[in-house]
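Content type CSV, C-alpha atoms and all ligand atoms, from the file coords_5.csv:
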chain,number,residue,atom,x,y,z
A,188,MET,CA,-0.8,-6.7,20.8
A,189,THR,CA,-2.7,-3.4,20.3
A,190,VAL,CA,-3.4,-2.2,16.8
A,191,PRO,CA,-3.6,1.6,16.5
A,192,PRO,CA,-6.6,3.0,14.7
A,193,PRO,CA,-6.1,3.9,11.0
A,194,THR,CA,-5.0,7.4,10.4
A,195,GLN,CA,-5.9,7.4,6.7
A,196,THR,CA,-9.4,7.7,5.3
A,197,TRP,CA,-10.1,5.6,2.2
A,198,ASP,CA,-12.6,7.1,-0.1
A,199,ALA,CA,-13.2,4.9,-3.2
A,200,ASP,CA,-14.1,7.7,-5.5
A,201,ARG,CA,-11.2,9.9,-4.5
A,202,TYR,CA,-8.8,6.9,-4.9
A,203,ALA,CA,-10.2,6.0,-8.3
A,204,ARG,CA,-9.7,9.7,-9.4
A,205,ASN,CA,-6.2,10.2,-8.2
A,206,ALA,CA,-4.7,6.8,-7.9
A,207,GLY,CA,-6.7,4.5,-10.2
A,208,PHE,CA,-3.3,4.0,-12.0
A,209,VAL,CA,-2.0,1.9,-9.1
A,210,ALA,CA,-3.7,-1.4,-10.1
A,211,GLY,CA,-2.6,-1.0,-13.7
A,212,LEU,CA,1.0,-1.1,-12.5
A,213,GLY,CA,0.4,-4.4,-10.7
A,214,SER,CA,1.1,-6.7,-13.7
A,215,ALA,CA,4.6,-7.6,-12.6
A,216,VAL,CA,3.5,-8.8,-9.1
A,217,LEU,CA,0.5,-10.6,-10.7
A,218,ALA,CA,2.9,-12.4,-13.0
A,219,LEU,CA,5.1,-13.4,-10.0
A,220,LEU,CA,2.0,-14.8,-8.2
A,221,ALA,CA,1.0,-16.8,-11.4
A,222,PRO,CA,-2.5,-17.6,-10.1
A,223,ARG,CA,-3.7,-21.1,-11.2
A,224,PRO,CA,-7.3,-22.1,-11.9
A,225,GLY,CA,-9.0,-23.4,-8.8
A,226,GLU,CA,-6.5,-22.0,-6.3
A,227,ARG,CA,-7.9,-20.3,-3.2
A,228,ILE,CA,-6.3,-16.8,-3.0
A,229,LEU,CA,-6.6,-14.1,-0.4
A,230,ASP,CA,-6.2,-10.6,-1.8
A,231,LEU,CA,-4.9,-8.7,1.2
A,232,ALA,CA,-6.0,-5.1,1.2
A,233,CYS,CA,-7.8,-5.5,-2.1
A,234,GLY,CA,-8.9,-1.9,-2.4
A,235,ASP,CA,-11.7,-1.4,-4.9
A,236,GLY,CA,-11.0,-4.9,-6.3
A,237,THR,CA,-9.4,-4.0,-9.7
A,238,LEU,CA,-6.6,-6.6,-9.3
A,239,THR,CA,-8.9,-9.0,-7.4
A,240,GLU,CA,-11.0,-9.2,-10.6
A,241,LYS,CA,-7.9,-10.2,-12.5
A,242,LEU,CA,-7.2,-13.1,-10.1
A,243,VAL,CA,-10.8,-14.2,-10.5
A,244,ALA,CA,-10.4,-14.0,-14.3
A,245,ALA,CA,-7.4,-16.3,-14.0
A,246,GLY,CA,-9.8,-18.9,-12.5
A,247,ALA,CA,-8.8,-18.5,-8.9
A,248,VAL,CA,-11.4,-18.6,-6.0
A,249,VAL,CA,-10.6,-15.2,-4.4
A,250,VAL,CA,-11.5,-13.5,-1.1
A,251,GLY,CA,-10.6,-9.9,-0.9
A,252,VAL,CA,-10.2,-8.1,2.4
A,253,ASP,CA,-9.7,-4.4,3.1
A,254,ALA,CA,-9.8,-2.2,6.2
A,255,GLY,CA,-11.7,0.5,4.4
A,256,PRO,CA,-15.5,-0.1,4.2
A,257,ASP,CA,-15.8,2.3,1.2
A,258,MET,CA,-13.2,0.3,-0.7
A,259,VAL,CA,-14.9,-3.0,0.2
A,260,ALA,CA,-18.3,-1.6,-1.0
A,261,ALA,CA,-16.6,-0.7,-4.3
A,262,ALA,CA,-15.1,-4.2,-4.7
A,263,ARG,CA,-18.5,-5.8,-3.9
A,264,ARG,CA,-20.1,-3.7,-6.7
A,265,ARG,CA,-17.8,-5.6,-9.0
A,266,GLY,CA,-19.5,-8.8,-7.8
A,267,LEU,CA,-16.4,-9.8,-5.7
A,268,ASP,CA,-16.3,-11.7,-2.4
A,269,ALA,CA,-14.9,-8.7,-0.4
A,270,ARG,CA,-15.0,-8.3,3.4
A,271,VAL,CA,-14.0,-5.5,5.8
A,272,MET,CA,-11.1,-6.8,7.7
A,273,SER,CA,-7.7,-5.4,8.5
A,274,ALA,CA,-4.5,-7.4,7.9
A,275,GLU,CA,-3.6,-7.1,11.6
A,276,ARG,CA,-6.9,-8.8,12.5
A,277,LEU,CA,-7.1,-11.5,9.8
A,278,THR,CA,-9.2,-14.4,11.1
A,279,PHE,CA,-8.4,-17.1,8.4
A,280,ASP,CA,-6.7,-20.3,9.5
A,281,GLY,CA,-5.1,-22.7,6.9
A,282,GLU,CA,-7.5,-21.7,4.2
A,283,PHE,CA,-5.5,-20.3,1.3
A,284,ASP,CA,-3.0,-21.5,-1.3
A,285,ALA,CA,-1.7,-18.0,-1.7
A,286,VAL,CA,-1.9,-14.6,-0.1
A,287,PHE,CA,-1.4,-11.7,-2.6
A,288,SER,CA,-1.0,-8.0,-1.8
A,289,ASN,CA,-0.3,-5.0,-4.0
A,290,ALA,CA,0.6,-1.5,-2.9
A,291,ALA,CA,-0.8,-1.9,0.7
A,292,LEU,CA,1.7,-3.5,3.0
A,293,HIS,CA,3.6,-0.2,3.4
A,294,TRP,CA,0.5,1.1,5.3
A,295,MET,CA,0.9,-1.5,8.0
A,296,LYS,CA,3.4,-0.5,10.7
A,297,GLN,CA,3.3,-3.8,12.5
A,298,PRO,CA,4.9,-6.0,9.8
A,299,ASP,CA,5.6,-9.0,12.1
A,300,LEU,CA,2.0,-9.2,13.2
A,301,VAL,CA,0.8,-9.0,9.6
A,302,ILE,CA,3.2,-11.6,8.4
A,303,ALA,CA,2.1,-13.9,11.3
A,304,LYS,CA,-1.5,-13.5,10.3
A,305,VAL,CA,-0.7,-14.2,6.7
A,306,ARG,CA,1.2,-17.3,7.7
A,307,ARG,CA,-1.8,-18.5,9.7
A,308,ALA,CA,-4.2,-17.9,6.8
A,309,LEU,CA,-2.1,-20.2,4.5
A,310,ARG,CA,-2.1,-23.9,4.0
A,311,PRO,CA,1.2,-25.8,4.2
A,312,GLY,CA,3.2,-25.0,1.1
A,313,GLY,CA,1.2,-21.8,0.6
A,314,ARG,CA,2.7,-18.7,-1.1
A,315,PHE,CA,2.9,-15.1,0.0
A,316,VAL,CA,3.5,-12.8,-3.0
A,317,GLY,CA,3.4,-9.1,-2.8
A,318,GLU,CA,4.6,-5.6,-3.7
A,319,LEU,CA,4.9,-2.6,-1.4
A,320,GLY,CA,6.8,0.6,-1.2
A,321,GLY,CA,10.4,-0.3,-0.4
A,322,HIS,CA,13.3,1.6,1.2
A,323,GLY,CA,13.7,5.0,-0.5
A,324,ASN,CA,10.1,5.0,-1.7
A,325,THR,CA,8.7,8.5,-2.3
A,326,ALA,CA,11.8,9.8,-0.5
A,327,ALA,CA,11.5,13.3,-2.0
A,328,VAL,CA,7.8,13.5,-1.1
A,329,LEU,CA,8.4,12.3,2.5
A,330,THR,CA,11.3,14.8,3.0
A,331,ALA,CA,9.1,17.7,1.7
A,332,LEU,CA,6.3,16.6,4.1
A,333,ILE,CA,8.7,16.5,7.0
A,334,ALA,CA,10.1,19.9,6.2
A,335,VAL,CA,6.8,21.6,5.8
A,336,LEU,CA,5.5,20.1,9.1
A,337,ALA,CA,8.7,21.1,10.9
A,338,ARG,CA,8.1,24.7,10.0
A,339,ARG,CA,4.9,24.4,12.0
A,340,GLY,CA,6.5,22.6,14.9
A,341,VAL,CA,5.0,19.2,14.0
A,342,ASP,CA,7.0,16.0,13.8
A,343,GLY,CA,6.4,14.6,10.4
A,344,VAL,CA,8.5,11.4,11.0
A,345,ALA,CA,6.2,10.5,13.9
A,346,ARG,CA,3.1,11.2,11.8
A,347,SER,CA,4.2,9.1,8.9
A,348,PRO,CA,1.8,6.1,8.3
A,349,TRP,CA,4.3,4.4,6.0
A,350,TYR,CA,6.8,1.5,6.4
A,351,PHE,CA,9.3,1.2,3.5
A,352,PRO,CA,11.7,-1.7,4.4
A,353,THR,CA,14.9,-2.8,2.7
A,354,PRO,CA,14.9,-6.3,1.1
A,355,GLY,CA,17.3,-7.5,3.8
A,356,GLU,CA,15.0,-6.4,6.6
A,357,TYR,CA,11.8,-7.8,5.0
A,358,ARG,CA,13.5,-11.1,4.2
A,359,GLU,CA,14.6,-11.5,7.8
A,360,ARG,CA,11.0,-10.9,9.0
A,361,LEU,CA,9.6,-13.4,6.5
A,362,GLU,CA,12.2,-16.0,7.4
A,363,ALA,CA,11.7,-15.5,11.1
A,364,ALA,CA,8.0,-16.3,10.5
A,365,GLY,CA,8.9,-19.6,8.8
A,366,PHE,CA,8.8,-18.5,5.1
A,367,ALA,CA,11.4,-19.5,2.5
A,368,VAL,CA,12.0,-16.5,0.3
A,369,ASP,CA,12.2,-17.3,-3.4
A,370,SER,CA,12.8,-13.7,-4.5
A,371,ILE,CA,12.9,-10.2,-3.0
A,372,GLU,CA,14.1,-7.1,-4.8
A,373,LEU,CA,13.9,-3.3,-4.9
A,374,VAL,CA,12.6,-2.0,-8.2
A,375,PRO,CA,12.8,1.8,-8.8
A,376,ARG,CA,9.7,2.8,-10.7
A,377,PRO,CA,9.2,6.5,-11.4
A,378,THR,CA,5.4,6.8,-11.6
A,379,PRO,CA,3.5,9.5,-13.6
A,380,LEU,CA,0.7,11.1,-11.5
A,381,PRO,CA,-2.3,11.8,-13.8
A,382,THR,CA,-3.8,14.4,-11.3
A,383,GLY,CA,-0.4,15.8,-10.3
A,384,MET,CA,1.2,16.0,-6.9
A,385,ALA,CA,-1.8,17.9,-5.4
A,386,GLY,CA,-4.1,15.0,-6.2
A,387,TRP,CA,-1.6,12.5,-4.8
A,388,LEU,CA,-1.2,14.4,-1.6
A,389,GLU,CA,-4.9,14.8,-1.2
A,390,THR,CA,-5.4,11.1,-1.5
A,391,PHE,CA,-2.6,9.7,0.6
A,392,THR,CA,-1.4,12.1,3.3
A,393,ASP,CA,-4.4,12.5,5.7
A,394,SER,CA,-2.3,11.6,8.8
A,395,PHE,CA,0.3,14.3,8.2
A,396,PHE,CA,-2.3,17.1,8.1
A,397,LYS,CA,-4.6,16.0,10.9
A,398,PRO,CA,-3.3,18.7,13.3
A,399,PHE,CA,-4.3,21.5,11.0
A,400,ALA,CA,-7.6,23.4,10.3
A,401,SER,CA,-8.6,23.5,6.7
A,402,GLU,CA,-7.0,26.8,5.7
A,403,GLU,CA,-3.6,26.0,7.3
A,404,ARG,CA,-3.8,22.5,5.7
A,405,ARG,CA,-4.3,24.0,2.3
A,406,LYS,CA,-1.3,26.4,2.8
A,407,ALA,CA,0.9,23.5,4.0
A,408,LEU,CA,-0.1,21.3,1.0
A,409,ASP,CA,0.8,24.1,-1.4
A,410,GLU,CA,4.2,24.4,0.3
A,411,VAL,CA,4.8,20.7,-0.2
A,412,VAL,CA,3.9,21.0,-3.9
A,413,ASP,CA,6.2,24.0,-4.3
A,414,LEU,CA,9.1,22.2,-2.7
A,415,LEU,CA,8.7,19.2,-5.0
A,416,ARG,CA,8.1,21.1,-8.3
A,417,PRO,CA,11.8,21.5,-9.2
A,418,THR,CA,12.6,17.7,-8.9
A,419,LEU,CA,9.3,15.9,-9.7
A,420,CYS,CA,7.6,18.1,-12.2
A,421,ASP,CA,8.8,18.5,-15.8
A,422,SER,CA,8.8,21.7,-17.9
A,423,ARG,CA,5.3,20.8,-19.3
A,424,GLY,CA,3.7,20.4,-15.9
A,425,ASN,CA,3.8,16.6,-15.7
A,426,TRP,CA,4.4,15.1,-12.3
A,427,THR,CA,6.2,11.9,-11.6
A,428,ALA,CA,6.5,10.3,-8.1
A,429,ASP,CA,9.7,8.7,-7.0
A,430,TYR,CA,8.3,5.2,-6.3
A,431,VAL,CA,10.6,2.3,-5.4
A,432,ARG,CA,8.8,-1.0,-5.1
A,433,LEU,CA,9.8,-4.0,-2.9
A,434,ARG,CA,8.6,-7.1,-4.7
A,435,PHE,CA,8.8,-10.6,-3.1
A,436,ALA,CA,7.7,-14.2,-3.4
A,437,ALA,CA,7.9,-16.4,-0.4
A,438,ARG,CA,6.5,-19.9,0.5
A,439,LEU,CA,5.8,-22.0,3.5
A,440,PRO,CA,7.4,-25.4,3.9
A,501,LIG,C1,3.1,3.7,-2.8
A,501,LIG,O1,2.3,2.9,-3.4
A,501,LIG,O2,4.3,3.5,-2.8
A,501,LIG,C2,2.5,4.7,-1.9
A,501,LIG,C3,1.2,5.1,-2.0
A,501,LIG,C4,0.8,6.0,-1.2
A,501,LIG,C5,1.6,6.6,-0.2
A,501,LIG,C6,2.9,6.2,-0.1
A,501,LIG,C7,3.4,5.2,-0.9
Let me see the structure of the file written as structure tokens.
Amino acid sequence: MTVPPPTQTWDADRYARNAGFVAGLGSAVLALLAPRPGERILDLACGDGTLTEKLVAAGAVVVGVDAGPDMVAAARRRGLDARVMSAERLTFDGEFDAVFSNAALHWMKQPDLVIAKVRRALRPGGRFVGELGGHGNTAAVLTALIAVLARRGVDGVARSPWYFPTPGEYRERLEAAGFAVDSIELVPRPTPLPTGMAGWLETFTDSFFKPFASEERRKALDEVVDLLRPTLCDSRGNWTADYVRLRFAARLP
């Protein structure tokens, strides 16, 4: 199976500035994982390692992987065992008691391949626990992106790097791969954006704006912000993104 090259550039400093809040919102999925001392855990798409550190603090033996070299370098600076590896190309075989993933699986548009690699990485009885953007996630933002690109004759749906499944669809994929699903639910979570919508777009929407030179890109980004202001910005200028999480826990027999 071919894996398309990533369309998003991951810059650890830019991420920390505009999206450092993401890991802080991971406490519910960490609680669902309930890491135990001595367990071997794979943190899939560990980013800069903020949550990986929490797994280590719980006494687990943790390997973090991420497709972004800059993120892996940031995780290593925390003293973590972090490796550059994409989820689609995981090489682990029967090594982990659990695979954990926060705010990353929605960037992976070949979910069956990823789930199969996770399955292979786990020991019998191993858990797969994660949280990703679910159906309806950032719907207003995505609609605005599609509209602004359409004004320029570009297909924003085709350029979207995101996969936001329903619980029913993701459950089916997990079960087809041999997992038993203990829980799976959509959780609406309006999320304040500390650096506003412009900072969020600058951090996460590279693939939508690849066709444009820098001046046109700036104009298009401003148009997206203007479209979203009436619904996602309050009267004091505070922005909130329309996040919807899909949180699940599954296990192998
Ligand atoms: C999310 O965490 O839901 C998300 C982050 C960046 C882009 C799209 C969605």
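By chain and then residue number, the residues within 12 Å of A:Leu419 are Thr325, Ala326, Ala327, Val328, Ala331, Pro377, Thr378, Pro379, Leu380, Gly383, Met384, Val411, Val412, Asp413, Leu414, Gly424, Asn425, Trp426, Thr427, Ala428, Asp429 and Tyr430 of chain A, counting all atoms listed in the file and disregarding those fewer than 5 positions away in sequence.
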At most 6 Å is the cut-off: for each residue in chain A with any atom that close to an atom of ligand LIG 501 (chain A), write down the nearest atom pair and the distance in Å rounded to one decimal, counting all atoms listed in the file, chain first then increasing number, as JSON lines.
{"residue": "A:Ala290", "atom": "CA", "partner": "A:LIG501", "partner_atom": "O1", "distance": 4.7}
{"residue": "A:Gly320", "atom": "CA", "partner": "A:LIG501", "partner_atom": "O2", "distance": 4.1}
{"residue": "A:Phe391", "atom": "CA", "partner": "A:LIG501", "partner_atom": "C5", "distance": 5.3}
{"residue": "A:Tyr430", "atom": "CA", "partner": "A:LIG501", "partner_atom": "O2", "distance": 5.6}
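Using only C-alpha atoms, the nearest neighbour of A:Glu389 within the list A:Lys304, A:Arg376, A:Arg346, A:Arg404 is A:Arg404.
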Original post:
Which neighbours of A:Asn205 fall inside 8 Å, counting only C-alpha atoms, when residues of the same chain fewer than 5 positions from it are skipped, and could you give them as a ChimeraX atom specification?
Top reply: /A:380-382,386-387,390
Restricting the output to C-alpha atoms, write the selected residues as a compact mmCIF listing (two decimals), in the coordinates of the input.
# COMPACT_ATOMS: atom_id res chain seq x y z
CA LEU A 380 0.70 11.10 -11.50
CA PRO A 381 -2.30 11.80 -13.80
CA THR A 382 -3.80 14.40 -11.30
CA GLY A 386 -4.10 15.00 -6.20
CA TRP A 387 -1.60 12.50 -4.80
CA THR A 390 -5.40 11.10 -1.50
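By all atoms listed in the file, and with residues fewer than 4 positions from stretch 243-251 of chain A along its chain excluded, the set lying at most 7 Å from it is Pro222, Arg223, Pro224, Gly225, Glu226, Arg227, Ile228, Leu229, Asp230, Leu231, Ala232, Cys233, Thr239, Asp268, Ala269 and Arg270 of chain A.
Interatomic distance, atom CA of A:Ala221 against atom CA of A:Trp197: 28.5 Å.
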**OP:** Tell me which of A:Arg423, A:Phe395, A:Ala363, A:Ala437 sits closest to A:Ala345, counting all atoms listed in the file.
**Re:** A:Phe395
Subject >> Pick from A:Leu388, A:Val374, A:Ala308, A:Asn324, whichever lies nearest to A:Ala407 using only C-alpha atoms >> reply: A:Leu388
Box in all listed atoms of stretch 289-308 of chain A, axis-aligned, with 5 Å more on each side; write out centre and edge lengths in Å to one decimal as JSON.
{"center_x": 0.7, "center_y": -8.7, "center_z": 4.6, "size_x": 19.8, "size_y": 29.6, "size_z": 27.2}
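By chain and then residue number, the residues within 12 Å of A:Leu212 are Ala206, Gly207, Phe208, Val209, Ala210, Ser214, Ala215, Val216, Leu217, Ala218, Thr237, Leu238, Asn289, Ala290, Glu318, Leu319, Arg376, Pro377, Thr378, Pro379, Tyr430 and Arg432 of chain A, counting all atoms listed in the file and disregarding those fewer than 2 positions away in sequence.
When all atoms listed in the file are used to measure the gap to A:Arg405, the shortest distance among A:Arg358, A:Val335, A:Asp200, A:His322 belongs to A:Val335.
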**OP:** Quick one: pull the distance between atom CA of A:Pro417 and atom CA of A:Thr353, Å, one decimal.
**Re:** 27.2 Å
Original post:
Pick the closest to A:Ala261 from A:Asp393, A:Asp235, A:Glu402, A:Asp421: which is it, counting only C-alpha atoms?
Top reply: A:Asp235
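Residue nearest A:Thr196 within the list A:Gly255, A:Gly281, A:Gly321, A:Pro398: A:Gly255 [criterion: smallest interatomic distance, all atoms listed in the file].
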Original post:
Interatomic distance between atom CA of A:Asp284 and atom CA of A:Gly365?
Top reply: 15.7 Å
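All residues of protein, DNA or RNA that reach within 10 Å of A:Ala303, judged by all atoms listed in the file and not counting those fewer than 4 positions away in the chain, are Ala274, Glu275, Leu277, Pro298, Asp299, Arg307, Ala308, Arg360, Leu361, Ala363, Ala364 and Gly365 of chain A.
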**OP:** Compute the distance from (-16.2, -2.6, -8.9) to each atom, counting only C-alpha atoms, keep the residues with any atom at most 9 Å away, and return them as an MDAnalysis selection string; use the coordinates of the file.
**Re:** chainID A and resid 235:237 240 260:267
Could you save the residues just selected, with C-alpha atoms, as a CSV table (one decimal), keeping the file's coordinate frame?
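Output file result06.csv follows:
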chain,number,residue,atom,x,y,z
A,235,ASP,CA,-11.7,-1.4,-4.9
A,236,GLY,CA,-11.0,-4.9,-6.3
A,237,THR,CA,-9.4,-4.0,-9.7
A,240,GLU,CA,-11.0,-9.2,-10.6
A,260,ALA,CA,-18.3,-1.6,-1.0
A,261,ALA,CA,-16.6,-0.7,-4.3
A,262,ALA,CA,-15.1,-4.2,-4.7
A,263,ARG,CA,-18.5,-5.8,-3.9
A,264,ARG,CA,-20.1,-3.7,-6.7
A,265,ARG,CA,-17.8,-5.6,-9.0
A,266,GLY,CA,-19.5,-8.8,-7.8
A,267,LEU,CA,-16.4,-9.8,-5.7
